[in-house]
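Taking it in order: structure first as structure tokens, then the write-up.
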Amino acid sequence: MPYLGSEDVVKELKKALCNPHIQADRLRYRNVIQRVIRMSKLDQWGQAEVLNFLLRYQPRSEEELFDILNLLDSFLKSSSPGVVMGATKLFLILAKKFPHVQTDVLVRVKGPLLAACSSESRELCFVALCHVRQILHSLPGHFSSHYKKFFCSYSEPHYIKLQKVEVLCELVNDENVQQVLEELRGYCTDVSADFAQAAIFAIGGIARTYTDQCVQILTELLGLRQEHITTVVVQTFRDLVWLCPQCTEAVCQALPGCEENIQDSEGKQALIWLLGVHGERIPNAPYVLEDFVENVKSETFPAVKMELLTALLRLFLSRPAECQDMLGRLLYYCIEEEKDMAVRDRGLFYYRLLLVGIDEVKRILCSPKSDPTLGLLEDPAERPVNSWASDFNTLVPVYGKAHWATISKCQGAERCGPELPKTSSFAASGPLIPEDNKEREQELPDSGALMLVPNRQLTADYFEKTWLSLKVAHQQVLPWRGEFHPDTLQMAFQVVNIQTIAMSRAGTRPWKAYLSAQDDTGCLFLTELLLEPENSEMQISVKQNEARTETLNSFISVLETVIGTIEEIKS
Amino acid sequence: MISQFFILSSKGDPLIYKDFRGDSGGRDVAELFYRKLTGLPGDESPVVMHHDGRHFIHIRHSSLYLVVTTSENVSPFSLLELLSRLATLLGDYCGSLGEGTISRNVALVYELLDEVLDYGYVQTTSTEMLRNFIQTEAVVSKPFSLFDLSSVGLFGAETQQSKVAPSSAASRPVLSSRSDQSQKNEVFLDVVERLSVLIASNGSLLKVDVQGEIRLKSFLPSGSEMRIGLTEEFCVGKSELRGYGPGIRVDEVSFHSSVNLDEFESHRILRLQPPQGELTVMRYQLSDDLPSLLPFRLFPSVQWDRGSGRLQVYLKLRCDLPSKSQALNVRLHLPLPRGVVSLSQELSSPEQKAELAEGALRWDLPRVQGGSQLSGLFQMDVPGSPGPPSHGLSTSAPPLGLGPASLSFELPRHTCSGLQVRFLRLAFRPCGNANPHKWVRHLSHSDAYVIRI
């Protein structure tokens, strides 16, 4: 038990945690919680523990909620960053139904977060920046007036500079865009190539909203003729032209001349793509591509060669006279002499396509030149605070969502990890006063009669063989309505140690799933779930490899419980 | 909570290792951490790393690595705070935190860790409570010698200019044996400000930021009450107005939880009963609105002949401090374009020094008097890449790689915000000994003072 300041506090908490009578009696329980909150003798570690502990408490009424928030208010002004962040997280989670309270809390925590971002301790600075980015996902304008605090300093370590550049990119608005762009422009000529490239990508990000200014800056950067800068600028242009077609003209004017400065694969691919798709507006496009064709034998990157094939064919459609000859040479090389099979196949495909006729080629290759709607799909719209509130003040923002997902997968699927939707009550740390005891039923599968052994994954072959050799022991039909997500079901079964061998994708009809489980005596249960298109019922068929009725019945009740719970939750 | 805690030297040698829960790995975890740290790609942050179900969180403090491992998803802010607090505690008990002091005091460190953390949970980090449990004495290195003076020490290691005899408080353990407690009754109060400035190439001020702290190091017996009086006209926030005239303003202020603020509103007096050891009494920030002039202005002029590659940089540094003040250990760091191997220099005064180191110019000026101007002319050859062709020769665009100039300096007895400690009074103690010594010091130093060319 962590030391929370005095014997009394420890006693109170123990009472609250362990005593089922107090837990059952809501009023007494609530009083204990209130008394704990009022403890004033706690040091910063005790306060952080209490705040963490209170995360699982669910206030019964709005009045009680605001009562608690008022009592804890002083923690938000503490001098210890751990306590302030813990209090913020608690407020965000308790007030999940009151977005204006959440916004208010985030405004109040702006000061301490900004102070942490300028702290002497590099590590604290980094963690604070990660949390700032998290907040910006929901409230993009939150830090806009404090953009100066996120300017990079020369002596900062690389990872902090990268975070600051990302933050700058995300907090841009009409008032500060000029200064932010100037600052980023300065970073683009930094000595460190990585940092310069990150700054250029950031400008590319801002360019989706403030296209003209950014394109101008990027064009100027091309004029410096530096290899690491040019390649990234061209890649940024390629992405930009796809999302903001209005800048195509400006980009096309800027392109001539940069082919001399690009040596790496990514840059070349971007340039070739641009020349192919927009070649009609670039006067010397065929000649640049001709250079590439001349040197195709010495080209080391197969991706570049693939891109070259496509681009040249596209350009041929709009400027046939200039490209015909080199297209022929390129196709000849790719089909006869190229060793990389993927390139050769593509060359062969294009050759055969040309043989069919030019109209066919046009039909297939003339794809849209831009797709502005993709920008809307990619940019996650302002996510509601509740989607990340439980990750605040944990290690999740520090790693980043993607990295965290891989980490938690490695740590085993028994823990109901972040893949679960937050609204489901499958959270591993259940509510302190278990609301409707849904989880409880689930986590204790018929504890007297049946013990399912975890992690016995059968191979698909074995399952099939066994399935075909056994007869159906039990069949049942359960009511079922509406759509659901198969992953939820899979997770739920996994909690009770039932493995999923195969499952149809959501939305397919008829929907089928095959499950297997094994109990501690080695008895195998194989299950098929079937959802027909018209019916509003799920058909369950269970096969058992040893004829034992009691265990069979226990297993079926477990299945029913799980399916019933999913059914109730999603409805 | 915490599974393990270890301290590594800057080269990765484990100095201290403690396992609290016995649930992950063994001693080789420290080596694993160091290998992972040094092998990390440049753009990933080393602050929090993950390996095999364990999270490694560390801070660097005076070239040591203090690392904790945990297997749960805990608050990073709390862990970092714990690590900083441990660093301060170890510094208090051993005198200073360094490889030498730790290796001399291994037993004390383990005893401290035993008391602070129990099964990975923090019990207490308060020096008051720990005093009752820690029995081991700190082993101090050889007695302080005048030649060891470095002017960047805190808490009393004054610079050569000071008329007061330097005390060895910087490296003396605070919480040492009870026997000589009565002899050295001293308390040190430092007002330390960090100045960050960004000046654009056209001379306009882009950003100025002052982060200040009032730090207390007390050797007095715990519980002695003291009162710290700050400048009366100092205002908090943009709308407050006190006294006459512009006054001294800070944007935000935060206090340590043990400070009594009853008299703060009226007379700007802080009351507290500090425990022995170090304590940050108050933190404040000020942005964008400095009452005094910036301490340094740089007027660079660059001439670059692209044809011959000859680059001439003339730097004029003007110090705008009041004429009685001075700046110490001023160093200007100017990155140069790639490929520059030698430079010739003309400096305006003999005690300056300039040299080329690691692709950058380092210009050292040990002492700059307020109001003075210093200049240096540097000439070098820039080999290689031609610039943009169509811009003509008489260009003002400097070559690529002539980076922003960064200045580092210290300003003793000066605070950029103007905040001063008026008095430090101790409550009357009839202990019969000599009056306790009180040292109050104001210091500003640069955090990131960048001037773009």
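Each chain of the structure tokens is named A, B, ... in the order shown, its residues numbered from 1; ligands are numbered from 1 in display order.
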
At most 7 Å to chain B: residues in chain A, only C-alpha atoms, as a PDB file with N, CA, C and O atoms, in the first residue's frame:
```
ATOM      1  N   PRO A   2       0.691   2.124  -0.932  1.00  0.00           N
ATOM      2  CA  PRO A   2       1.554   3.319  -0.917  1.00  0.00           C
ATOM      3  C   PRO A   2       1.296   4.154   0.324  1.00  0.00           C
ATOM      4  O   PRO A   2       0.206   4.176   0.863  1.00  0.00           O
ATOM      5  N   TYR A   3       2.337   4.808   0.709  1.00  0.00           N
ATOM      6  CA  TYR A   3       2.257   5.606   1.923  1.00  0.00           C
ATOM      7  C   TYR A   3       1.489   6.881   1.616  1.00  0.00           C
ATOM      8  O   TYR A   3       1.887   7.665   0.764  1.00  0.00           O
ATOM      9  N   TRP A  45       3.188  12.736  -3.640  1.00  0.00           N
ATOM     10  CA  TRP A  45       3.044  11.360  -4.123  1.00  0.00           C
ATOM     11  C   TRP A  45       1.707  10.806  -3.678  1.00  0.00           C
ATOM     12  O   TRP A  45       1.016  10.106  -4.427  1.00  0.00           O
ATOM     13  N   SER A  79       2.227  22.729  -7.254  1.00  0.00           N
ATOM     14  CA  SER A  79       3.513  22.985  -7.888  1.00  0.00           C
ATOM     15  C   SER A  79       4.134  21.711  -8.428  1.00  0.00           C
ATOM     16  O   SER A  79       5.173  21.743  -9.065  1.00  0.00           O
ATOM     17  N   PRO A  81       4.164  18.816 -11.042  1.00  0.00           N
ATOM     18  CA  PRO A  81       3.531  18.518 -12.342  1.00  0.00           C
ATOM     19  C   PRO A  81       2.754  17.212 -12.325  1.00  0.00           C
ATOM     20  O   PRO A  81       1.722  17.096 -12.980  1.00  0.00           O
ATOM     21  N   GLY A  82       3.247  16.223 -11.564  1.00  0.00           N
ATOM     22  CA  GLY A  82       2.527  14.955 -11.521  1.00  0.00           C
ATOM     23  C   GLY A  82       1.119  15.138 -10.977  1.00  0.00           C
ATOM     24  O   GLY A  82       0.149  14.569 -11.493  1.00  0.00           O
ATOM     25  N   GLU A 123      13.708  16.175 -20.402  1.00  0.00           N
ATOM     26  CA  GLU A 123      12.760  15.064 -20.423  1.00  0.00           C
ATOM     27  C   GLU A 123      11.355  15.547 -20.124  1.00  0.00           C
ATOM     28  O   GLU A 123      10.383  15.141 -20.777  1.00  0.00           O
ATOM     29  N   LEU A 124      11.260  16.445 -19.141  1.00  0.00           N
ATOM     30  CA  LEU A 124       9.931  16.989 -18.813  1.00  0.00           C
ATOM     31  C   LEU A 124       9.381  17.760 -19.995  1.00  0.00           C
ATOM     32  O   LEU A 124       8.201  17.665 -20.337  1.00  0.00           O
ATOM     33  N   LYS A 148       5.022  31.201 -29.873  1.00  0.00           N
ATOM     34  CA  LYS A 148       6.444  31.523 -29.715  1.00  0.00           C
ATOM     35  C   LYS A 148       7.144  30.566 -28.765  1.00  0.00           C
ATOM     36  O   LYS A 148       8.346  30.369 -28.850  1.00  0.00           O
ATOM     37  N   SER A 153      15.096  25.903 -30.199  1.00  0.00           N
ATOM     38  CA  SER A 153      16.328  26.566 -29.807  1.00  0.00           C
ATOM     39  C   SER A 153      17.497  25.767 -30.340  1.00  0.00           C
ATOM     40  O   SER A 153      17.399  24.565 -30.519  1.00  0.00           O
ATOM     41  N   HIS A 158      17.563  16.716 -30.713  1.00  0.00           N
ATOM     42  CA  HIS A 158      16.825  16.540 -31.945  1.00  0.00           C
ATOM     43  C   HIS A 158      15.374  16.147 -31.714  1.00  0.00           C
ATOM     44  O   HIS A 158      14.465  16.659 -32.365  1.00  0.00           O
ATOM     45  N   TYR A 159      15.160  15.248 -30.765  1.00  0.00           N
ATOM     46  CA  TYR A 159      13.792  14.742 -30.612  1.00  0.00           C
ATOM     47  C   TYR A 159      12.850  15.823 -30.109  1.00  0.00           C
ATOM     48  O   TYR A 159      11.666  15.813 -30.443  1.00  0.00           O
ATOM     49  N   VAL A 191      21.597  23.167 -40.425  1.00  0.00           N
ATOM     50  CA  VAL A 191      22.729  22.301 -40.759  1.00  0.00           C
ATOM     51  C   VAL A 191      22.330  20.835 -40.731  1.00  0.00           C
ATOM     52  O   VAL A 191      22.785  20.034 -41.544  1.00  0.00           O
ATOM     53  N   GLY A 223      15.523  26.926 -55.000  1.00  0.00           N
ATOM     54  CA  GLY A 223      16.589  27.730 -55.582  1.00  0.00           C
ATOM     55  C   GLY A 223      17.933  27.555 -54.897  1.00  0.00           C
ATOM     56  O   GLY A 223      18.963  27.935 -55.433  1.00  0.00           O
ATOM     57  N   LEU A 224      17.941  26.997 -53.711  1.00  0.00           N
ATOM     58  CA  LEU A 224      19.216  26.826 -53.010  1.00  0.00           C
ATOM     59  C   LEU A 224      20.031  25.676 -53.568  1.00  0.00           C
ATOM     60  O   LEU A 224      21.219  25.563 -53.292  1.00  0.00           O
ATOM     61  N   ASN A 393      -1.718  11.792 -19.336  1.00  0.00           N
ATOM     62  CA  ASN A 393      -0.924  11.494 -18.148  1.00  0.00           C
ATOM     63  C   ASN A 393      -0.567  10.018 -18.018  1.00  0.00           C
ATOM     64  O   ASN A 393      -0.435   9.476 -16.934  1.00  0.00           O
ATOM     65  N   THR A 394      -0.440   9.342 -19.149  1.00  0.00           N
ATOM     66  CA  THR A 394       0.127   7.992 -19.120  1.00  0.00           C
ATOM     67  C   THR A 394       1.240   7.962 -20.161  1.00  0.00           C
ATOM     68  O   THR A 394       1.558   8.981 -20.751  1.00  0.00           O
ATOM     69  N   LEU A 395       1.774   6.786 -20.384  1.00  0.00           N
ATOM     70  CA  LEU A 395       2.879   6.704 -21.330  1.00  0.00           C
ATOM     71  C   LEU A 395       2.417   6.697 -22.776  1.00  0.00           C
ATOM     72  O   LEU A 395       3.227   6.733 -23.692  1.00  0.00           O
ATOM     73  N   GLN A 411       2.496  -7.333 -25.523  1.00  0.00           N
ATOM     74  CA  GLN A 411       2.313  -7.692 -24.126  1.00  0.00           C
ATOM     75  C   GLN A 411       1.190  -8.666 -23.921  1.00  0.00           C
ATOM     76  O   GLN A 411       0.798  -8.942 -22.809  1.00  0.00           O
TER      77      GLN A 411
END
```

Which residues, written as a list in words, have at least one atom at most 12 Å from Ala250 of chain A, with only C-alpha atoms counted and residues fewer than 3 positions away on the same chain left out?
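My reading of the contact set: Thr211, Asp212, Gln213, Cys214, Val215, Gln216, Ile217, Leu218, Thr219, Glu220, Phe237, Leu240, Val241, Cys244, Pro245, Gln246, Cys247, Gln253, Ala254, Leu255, Pro256, His278, Arg281 and Ile282 of chain A.
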
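Taking atom CA of Val106 of chain B and atom CA of Leu90 of chain B as endpoints, the distance between them is 10.6 Å.
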
Which residues are near Lys268 of chain A? Cut-off 10 Å, only C-alpha atoms, ignore same chain within fewer than 5 positions. Put them as a PDB file with all heavy atoms, in the first residue's frame.
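selection31.pdb was written with the following content:
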```
ATOM      1  N   THR A 231      15.107  17.198 -52.662  1.00  0.00           N
ATOM      2  CA  THR A 231      14.352  15.953 -52.759  1.00  0.00           C
ATOM      3  C   THR A 231      13.081  16.010 -51.912  1.00  0.00           C
ATOM      4  O   THR A 231      12.015  15.581 -52.340  1.00  0.00           O
ATOM      5  CB  THR A 231      15.228  14.744 -52.377  1.00  0.00           C
ATOM      6  OG1 THR A 231      14.402  13.607 -52.261  1.00  0.00           O
ATOM      7  CG2 THR A 231      15.957  14.947 -51.100  1.00  0.00           C
ATOM      8  N   VAL A 234      10.405  18.324 -53.509  1.00  0.00           N
ATOM      9  CA  VAL A 234       9.694  17.710 -54.638  1.00  0.00           C
ATOM     10  C   VAL A 234       8.670  16.698 -54.129  1.00  0.00           C
ATOM     11  O   VAL A 234       7.552  16.613 -54.643  1.00  0.00           O
ATOM     12  CB  VAL A 234      10.701  17.058 -55.603  1.00  0.00           C
ATOM     13  CG1 VAL A 234       9.980  16.231 -56.630  1.00  0.00           C
ATOM     14  CG2 VAL A 234      11.528  18.117 -56.288  1.00  0.00           C
ATOM     15  N   GLN A 235       9.043  15.952 -53.096  1.00  0.00           N
ATOM     16  CA  GLN A 235       8.064  15.010 -52.539  1.00  0.00           C
ATOM     17  C   GLN A 235       6.867  15.755 -51.959  1.00  0.00           C
ATOM     18  O   GLN A 235       5.717  15.329 -52.117  1.00  0.00           O
ATOM     19  CB  GLN A 235       8.714  14.173 -51.430  1.00  0.00           C
ATOM     20  CG  GLN A 235       9.701  13.150 -51.944  1.00  0.00           C
ATOM     21  CD  GLN A 235      10.441  12.496 -50.801  1.00  0.00           C
ATOM     22  OE1 GLN A 235       9.823  12.049 -49.848  1.00  0.00           O
ATOM     23  NE2 GLN A 235      11.748  12.432 -50.897  1.00  0.00           N
ATOM     24  N   GLU A 259      16.024  18.490 -61.411  1.00  0.00           N
ATOM     25  CA  GLU A 259      16.449  17.113 -61.641  1.00  0.00           C
ATOM     26  C   GLU A 259      17.944  16.945 -61.432  1.00  0.00           C
ATOM     27  O   GLU A 259      18.419  15.847 -61.164  1.00  0.00           O
ATOM     28  CB  GLU A 259      16.061  16.650 -63.053  1.00  0.00           C
ATOM     29  CG  GLU A 259      16.707  17.445 -64.163  1.00  0.00           C
ATOM     30  CD  GLU A 259      15.921  18.703 -64.477  1.00  0.00           C
ATOM     31  OE1 GLU A 259      14.923  18.957 -63.792  1.00  0.00           O
ATOM     32  OE2 GLU A 259      16.328  19.425 -65.394  1.00  0.00           O
ATOM     33  N   ASN A 261      19.569  17.970 -58.999  1.00  0.00           N
ATOM     34  CA  ASN A 261      19.946  17.905 -57.587  1.00  0.00           C
ATOM     35  C   ASN A 261      19.379  16.717 -56.843  1.00  0.00           C
ATOM     36  O   ASN A 261      19.470  16.672 -55.639  1.00  0.00           O
ATOM     37  CB  ASN A 261      19.443  19.152 -56.859  1.00  0.00           C
ATOM     38  CG  ASN A 261      20.088  20.390 -57.404  1.00  0.00           C
ATOM     39  OD1 ASN A 261      19.790  20.782 -58.508  1.00  0.00           O
ATOM     40  ND2 ASN A 261      20.978  20.970 -56.636  1.00  0.00           N
ATOM     41  N   ILE A 262      18.751  15.807 -57.545  1.00  0.00           N
ATOM     42  CA  ILE A 262      18.097  14.722 -56.822  1.00  0.00           C
ATOM     43  C   ILE A 262      18.834  13.435 -57.081  1.00  0.00           C
ATOM     44  O   ILE A 262      19.056  13.059 -58.224  1.00  0.00           O
ATOM     45  CB  ILE A 262      16.632  14.571 -57.273  1.00  0.00           C
ATOM     46  CG1 ILE A 262      15.905  15.891 -57.035  1.00  0.00           C
ATOM     47  CG2 ILE A 262      15.959  13.467 -56.503  1.00  0.00           C
ATOM     48  CD1 ILE A 262      14.444  15.801 -57.329  1.00  0.00           C
ATOM     49  N   GLN A 263      19.215  12.754 -56.003  1.00  0.00           N
ATOM     50  CA  GLN A 263      19.931  11.500 -56.170  1.00  0.00           C
ATOM     51  C   GLN A 263      19.220  10.333 -55.518  1.00  0.00           C
ATOM     52  O   GLN A 263      19.526   9.190 -55.808  1.00  0.00           O
ATOM     53  CB  GLN A 263      21.328  11.603 -55.544  1.00  0.00           C
ATOM     54  CG  GLN A 263      22.217  12.645 -56.172  1.00  0.00           C
ATOM     55  CD  GLN A 263      22.474  12.351 -57.626  1.00  0.00           C
ATOM     56  OE1 GLN A 263      22.518  11.192 -58.034  1.00  0.00           O
ATOM     57  NE2 GLN A 263      22.608  13.388 -58.414  1.00  0.00           N
ATOM     58  N   TRP A 273       6.918  11.151 -61.200  1.00  0.00           N
ATOM     59  CA  TRP A 273       5.460  11.139 -61.145  1.00  0.00           C
ATOM     60  C   TRP A 273       4.890  12.475 -61.599  1.00  0.00           C
ATOM     61  O   TRP A 273       3.961  12.542 -62.406  1.00  0.00           O
ATOM     62  CB  TRP A 273       4.987  10.797 -59.741  1.00  0.00           C
ATOM     63  CG  TRP A 273       3.507  10.665 -59.620  1.00  0.00           C
ATOM     64  CD1 TRP A 273       2.759   9.534 -59.785  1.00  0.00           C
ATOM     65  CD2 TRP A 273       2.572  11.710 -59.325  1.00  0.00           C
ATOM     66  NE1 TRP A 273       1.436   9.797 -59.610  1.00  0.00           N
ATOM     67  CE2 TRP A 273       1.287  11.130 -59.317  1.00  0.00           C
ATOM     68  CE3 TRP A 273       2.688  13.070 -59.063  1.00  0.00           C
ATOM     69  CZ2 TRP A 273       0.124  11.861 -59.069  1.00  0.00           C
ATOM     70  CZ3 TRP A 273       1.539  13.801 -58.811  1.00  0.00           C
ATOM     71  CH2 TRP A 273       0.265  13.189 -58.819  1.00  0.00           C
ATOM     72  N   LEU A 274       5.470  13.549 -61.057  1.00  0.00           N
ATOM     73  CA  LEU A 274       4.977  14.882 -61.416  1.00  0.00           C
ATOM     74  C   LEU A 274       5.130  15.131 -62.909  1.00  0.00           C
ATOM     75  O   LEU A 274       4.228  15.670 -63.559  1.00  0.00           O
ATOM     76  CB  LEU A 274       5.748  15.952 -60.638  1.00  0.00           C
ATOM     77  CG  LEU A 274       5.283  16.189 -59.204  1.00  0.00           C
ATOM     78  CD1 LEU A 274       6.291  17.037 -58.467  1.00  0.00           C
ATOM     79  CD2 LEU A 274       3.934  16.882 -59.196  1.00  0.00           C
ATOM     80  N   PHE A 292      16.552  10.229 -67.806  1.00  0.00           N
ATOM     81  CA  PHE A 292      16.371   9.053 -66.960  1.00  0.00           C
ATOM     82  C   PHE A 292      16.402   7.780 -67.783  1.00  0.00           C
ATOM     83  O   PHE A 292      16.963   6.763 -67.375  1.00  0.00           O
ATOM     84  CB  PHE A 292      15.039   9.137 -66.205  1.00  0.00           C
ATOM     85  CG  PHE A 292      15.090  10.029 -65.004  1.00  0.00           C
ATOM     86  CD1 PHE A 292      14.445  11.253 -64.996  1.00  0.00           C
ATOM     87  CD2 PHE A 292      15.793   9.648 -63.868  1.00  0.00           C
ATOM     88  CE1 PHE A 292      14.501  12.080 -63.889  1.00  0.00           C
ATOM     89  CE2 PHE A 292      15.849  10.474 -62.760  1.00  0.00           C
ATOM     90  CZ  PHE A 292      15.205  11.702 -62.768  1.00  0.00           C
ATOM     91  N   PHE A 301      17.411   1.659 -58.299  1.00  0.00           N
ATOM     92  CA  PHE A 301      16.170   1.456 -57.560  1.00  0.00           C
ATOM     93  C   PHE A 301      15.065   0.973 -58.492  1.00  0.00           C
ATOM     94  O   PHE A 301      14.640   1.703 -59.383  1.00  0.00           O
ATOM     95  CB  PHE A 301      15.725   2.762 -56.917  1.00  0.00           C
ATOM     96  CG  PHE A 301      16.748   3.370 -56.010  1.00  0.00           C
ATOM     97  CD1 PHE A 301      17.416   4.525 -56.377  1.00  0.00           C
ATOM     98  CD2 PHE A 301      17.043   2.795 -54.795  1.00  0.00           C
ATOM     99  CE1 PHE A 301      18.348   5.097 -55.547  1.00  0.00           C
ATOM    100  CE2 PHE A 301      17.975   3.355 -53.962  1.00  0.00           C
ATOM    101  CZ  PHE A 301      18.630   4.513 -54.341  1.00  0.00           C
ATOM    102  N   ALA A 303      11.982   0.768 -57.903  1.00  0.00           N
ATOM    103  CA  ALA A 303      10.781   1.598 -57.762  1.00  0.00           C
ATOM    104  C   ALA A 303      10.834   2.777 -58.728  1.00  0.00           C
ATOM    105  O   ALA A 303       9.819   3.193 -59.288  1.00  0.00           O
ATOM    106  CB  ALA A 303      10.647   2.094 -56.323  1.00  0.00           C
ATOM    107  N   VAL A 304      12.034   3.313 -58.900  1.00  0.00           N
ATOM    108  CA  VAL A 304      12.186   4.433 -59.831  1.00  0.00           C
ATOM    109  C   VAL A 304      11.864   3.985 -61.249  1.00  0.00           C
ATOM    110  O   VAL A 304      11.207   4.693 -62.016  1.00  0.00           O
ATOM    111  CB  VAL A 304      13.619   5.000 -59.746  1.00  0.00           C
ATOM    112  CG1 VAL A 304      13.831   6.074 -60.781  1.00  0.00           C
ATOM    113  CG2 VAL A 304      13.878   5.550 -58.362  1.00  0.00           C
ATOM    114  N   LYS A 305      12.337   2.784 -61.602  1.00  0.00           N
ATOM    115  CA  LYS A 305      12.085   2.303 -62.966  1.00  0.00           C
ATOM    116  C   LYS A 305      10.594   2.101 -63.202  1.00  0.00           C
ATOM    117  O   LYS A 305      10.067   2.419 -64.279  1.00  0.00           O
ATOM    118  CB  LYS A 305      12.816   0.981 -63.196  1.00  0.00           C
ATOM    119  CG  LYS A 305      14.328   1.105 -63.136  1.00  0.00           C
ATOM    120  CD  LYS A 305      15.002  -0.193 -63.523  1.00  0.00           C
ATOM    121  CE  LYS A 305      16.239  -0.395 -62.687  1.00  0.00           C
ATOM    122  NZ  LYS A 305      16.943  -1.626 -62.969  1.00  0.00           N
ATOM    123  N   GLU A 307       8.139   3.663 -61.768  1.00  0.00           N
ATOM    124  CA  GLU A 307       7.527   4.986 -61.872  1.00  0.00           C
ATOM    125  C   GLU A 307       7.832   5.582 -63.235  1.00  0.00           C
ATOM    126  O   GLU A 307       6.988   6.229 -63.858  1.00  0.00           O
ATOM    127  CB  GLU A 307       8.102   5.850 -60.743  1.00  0.00           C
ATOM    128  CG  GLU A 307       7.279   7.042 -60.372  1.00  0.00           C
ATOM    129  CD  GLU A 307       5.934   6.698 -59.794  1.00  0.00           C
ATOM    130  OE1 GLU A 307       5.883   5.931 -58.821  1.00  0.00           O
ATOM    131  OE2 GLU A 307       4.949   7.185 -60.351  1.00  0.00           O
ATOM    132  N   LEU A 308       9.030   5.341 -63.713  1.00  0.00           N
ATOM    133  CA  LEU A 308       9.438   5.887 -65.013  1.00  0.00           C
ATOM    134  C   LEU A 308       8.569   5.325 -66.128  1.00  0.00           C
ATOM    135  O   LEU A 308       8.129   6.048 -67.030  1.00  0.00           O
ATOM    136  CB  LEU A 308      10.913   5.543 -65.246  1.00  0.00           C
ATOM    137  CG  LEU A 308      11.607   6.191 -66.439  1.00  0.00           C
ATOM    138  CD1 LEU A 308      11.517   7.686 -66.350  1.00  0.00           C
ATOM    139  CD2 LEU A 308      13.064   5.752 -66.482  1.00  0.00           C
TER     140      LEU A 308
END
```
